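Asks: Sharing a structure with you now.
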Amino acid sequence: MPDSLPTIISEYLAAADRDDVDAIVACFANDATVCDEDREWHGHAEIRGWRTKVATAYEYTVEVRRAV
């Protein structure tokens, strides 16, 4: 993984690796929107729901190839 990732991205990826939903949600602003699977989740409560239900329904891997 590139060393030059923004801190918040590194924190999100580390929290996701730990399955730490609280830390994942903390990576987003209160009014953030997540777009995934042709849907949108707005704010911390909906993002928490997305992460605990939809995002955990799949086993996936992340490979950061470069950051710009």
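Ordering of the structure tokens sets the chain letters (A, B, ...); residue numbers start at 1 within each chain; ligands are numbered from 1 in the order shown.
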Near range 6-20 of chain A, counting only C-alpha atoms, which residues have an atom at most 12 Å away, once you skip same-chain residues fewer than 3 positions from it, shown as a list in words?
Replies: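 Using only C-alpha atoms, the neighbours found are Met1, Pro2, Asp3, Ala23, Ile24, Val25, Ala26, Cys27, Phe28, Ala29, Arg48, Arg51, Thr52, Ala55, Thr56, Glu59, Tyr60, Thr61, Val62, Glu63, Val64, Arg66, Ala67 and Val68 of chain A.
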Asks: Write a file of the just-selected residues containing N, CA, C and O atoms, as a CSV table (one decimal), in the first residue's frame.
Replies:
```
chain,number,residue,atom,x,y,z
A,1,MET,N,0.8,-1.2,0.0
A,1,MET,CA,0.0,0.0,0.0
A,1,MET,C,0.9,1.2,0.0
A,1,MET,O,1.9,1.3,0.7
A,2,PRO,N,0.5,2.2,-0.8
A,2,PRO,CA,1.4,3.4,-0.8
A,2,PRO,C,1.4,4.1,0.5
A,2,PRO,O,0.4,4.1,1.3
A,3,ASP,N,2.6,4.7,0.9
A,3,ASP,CA,2.7,5.4,2.2
A,3,ASP,C,2.1,6.7,2.1
A,3,ASP,O,1.9,7.4,3.1
A,23,ALA,N,-15.1,2.8,14.6
A,23,ALA,CA,-14.0,3.5,14.0
A,23,ALA,C,-14.2,3.8,12.5
A,23,ALA,O,-13.8,4.9,12.0
A,24,ILE,N,-14.9,2.9,11.8
A,24,ILE,CA,-15.3,3.2,10.4
A,24,ILE,C,-16.2,4.4,10.3
A,24,ILE,O,-16.0,5.3,9.5
A,25,VAL,N,-17.3,4.4,11.1
A,25,VAL,CA,-18.2,5.5,11.1
A,25,VAL,C,-17.5,6.8,11.4
A,25,VAL,O,-17.8,7.8,10.8
A,26,ALA,N,-16.6,6.7,12.4
A,26,ALA,CA,-15.9,8.0,12.8
A,26,ALA,C,-15.1,8.6,11.6
A,26,ALA,O,-14.7,9.7,11.7
A,27,CYS,N,-14.8,7.8,10.6
A,27,CYS,CA,-14.0,8.3,9.5
A,27,CYS,C,-14.9,9.2,8.6
A,27,CYS,O,-14.3,9.9,7.7
A,28,PHE,N,-16.2,9.3,8.8
A,28,PHE,CA,-17.1,10.0,7.9
A,28,PHE,C,-17.6,11.3,8.7
A,28,PHE,O,-17.9,11.2,9.9
A,29,ALA,N,-17.8,12.3,8.0
A,29,ALA,CA,-18.5,13.5,8.5
A,29,ALA,C,-19.9,13.2,8.9
A,29,ALA,O,-20.5,12.2,8.3
A,48,ARG,N,-23.6,3.5,9.4
A,48,ARG,CA,-23.4,2.3,10.3
A,48,ARG,C,-24.3,1.1,9.8
A,48,ARG,O,-23.8,0.0,9.8
A,51,ARG,N,-22.7,-0.4,6.7
A,51,ARG,CA,-21.5,-1.2,7.1
A,51,ARG,C,-21.8,-2.5,7.8
A,51,ARG,O,-21.2,-3.6,7.5
A,52,THR,N,-22.8,-2.5,8.7
A,52,THR,CA,-23.1,-3.7,9.4
A,52,THR,C,-23.9,-4.7,8.6
A,52,THR,O,-23.9,-5.9,9.0
A,55,ALA,N,-22.3,-4.0,3.6
A,55,ALA,CA,-20.9,-4.1,3.3
A,55,ALA,C,-20.3,-5.4,3.9
A,55,ALA,O,-19.3,-5.9,3.5
A,56,THR,N,-21.0,-6.0,4.9
A,56,THR,CA,-20.4,-7.3,5.4
A,56,THR,C,-21.1,-8.5,4.8
A,56,THR,O,-20.8,-9.6,5.2
A,59,GLU,N,-17.4,-11.0,1.0
A,59,GLU,CA,-16.0,-11.0,1.4
A,59,GLU,C,-15.2,-10.4,0.3
A,59,GLU,O,-15.4,-10.7,-0.9
A,60,TYR,N,-14.5,-9.4,0.6
A,60,TYR,CA,-13.7,-8.6,-0.4
A,60,TYR,C,-12.3,-8.3,0.1
A,60,TYR,O,-12.0,-8.4,1.2
A,61,THR,N,-11.5,-8.0,-0.9
A,61,THR,CA,-10.2,-7.5,-0.6
A,61,THR,C,-9.9,-6.2,-1.2
A,61,THR,O,-10.6,-5.8,-2.1
A,62,VAL,N,-9.0,-5.5,-0.6
A,62,VAL,CA,-8.6,-4.1,-1.1
A,62,VAL,C,-7.2,-4.1,-1.4
A,62,VAL,O,-6.3,-4.6,-0.7
A,63,GLU,N,-6.9,-3.6,-2.6
A,63,GLU,CA,-5.5,-3.5,-3.0
A,63,GLU,C,-5.3,-2.0,-3.6
A,63,GLU,O,-5.9,-1.7,-4.6
A,64,VAL,N,-4.6,-1.2,-2.8
A,64,VAL,CA,-4.4,0.1,-3.3
A,64,VAL,C,-3.1,0.1,-4.1
A,64,VAL,O,-2.1,-0.3,-3.7
A,66,ARG,N,-2.2,2.8,-6.3
A,66,ARG,CA,-1.6,4.1,-6.3
A,66,ARG,C,-2.5,5.1,-5.7
A,66,ARG,O,-3.7,4.9,-5.7
A,67,ALA,N,-2.0,6.2,-5.2
A,67,ALA,CA,-2.8,7.3,-4.7
A,67,ALA,C,-2.4,8.6,-5.4
A,67,ALA,O,-1.2,8.9,-5.5
A,68,VAL,N,-3.3,9.4,-5.8
A,68,VAL,CA,-3.0,10.7,-6.4
A,68,VAL,C,-3.7,11.8,-5.7
A,68,VAL,O,-4.8,11.7,-5.3
```
Asks: Which residues in chain A does DSSP call alpha helix (DSSP H)? List them as a VMD selection string.
Replies: chain A and resid 7 to 18 21 to 26 43 to 49
Asks: Could you state the separation of CA of Asp22 in chain A and CA of Asp38 in chain A in Å, given to one decimal place?
Replies: 24.0 Å
Asks: Please report, as a list in words, each residue of chain A to which DSSP assigns strand (DSSP E) when run on this structure's backbone.
Replies: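 Filtering chain A down to strand (DSSP E) leaves Thr33, Val34, Cys35, Asp36, Arg39, Glu40, Trp41 and His42 of chain A.
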Asks: Save the residues we just selected, N, CA, C and O atoms, as a CSV table (one decimal), in the first residue's frame?
Replies:
```
chain,number,residue,atom,x,y,z
A,33,THR,N,-22.2,11.0,2.7
A,33,THR,CA,-23.0,10.1,1.9
A,33,THR,C,-22.1,9.0,1.4
A,33,THR,O,-21.0,9.3,0.8
A,34,VAL,N,-22.5,7.7,1.5
A,34,VAL,CA,-21.8,6.6,1.0
A,34,VAL,C,-22.7,6.1,-0.2
A,34,VAL,O,-23.9,5.9,-0.1
A,35,CYS,N,-22.0,5.9,-1.4
A,35,CYS,CA,-22.7,5.4,-2.5
A,35,CYS,C,-22.2,4.0,-2.8
A,35,CYS,O,-21.0,3.8,-3.0
A,36,ASP,N,-23.0,3.0,-2.8
A,36,ASP,CA,-22.6,1.6,-3.0
A,36,ASP,C,-23.8,0.8,-3.5
A,36,ASP,O,-25.0,1.1,-3.0
A,39,ARG,N,-27.1,2.5,-4.4
A,39,ARG,CA,-27.9,3.2,-3.3
A,39,ARG,C,-27.0,4.2,-2.6
A,39,ARG,O,-25.8,4.2,-2.8
A,40,GLU,N,-27.6,5.0,-1.8
A,40,GLU,CA,-26.9,6.0,-1.0
A,40,GLU,C,-27.3,5.9,0.4
A,40,GLU,O,-28.5,5.7,0.7
A,41,TRP,N,-26.4,6.1,1.3
A,41,TRP,CA,-26.6,6.1,2.7
A,41,TRP,C,-26.1,7.4,3.3
A,41,TRP,O,-24.9,7.8,3.0
A,42,HIS,N,-26.9,8.1,4.0
A,42,HIS,CA,-26.6,9.5,4.4
A,42,HIS,C,-26.5,9.6,6.0
A,42,HIS,O,-27.3,9.0,6.7
```
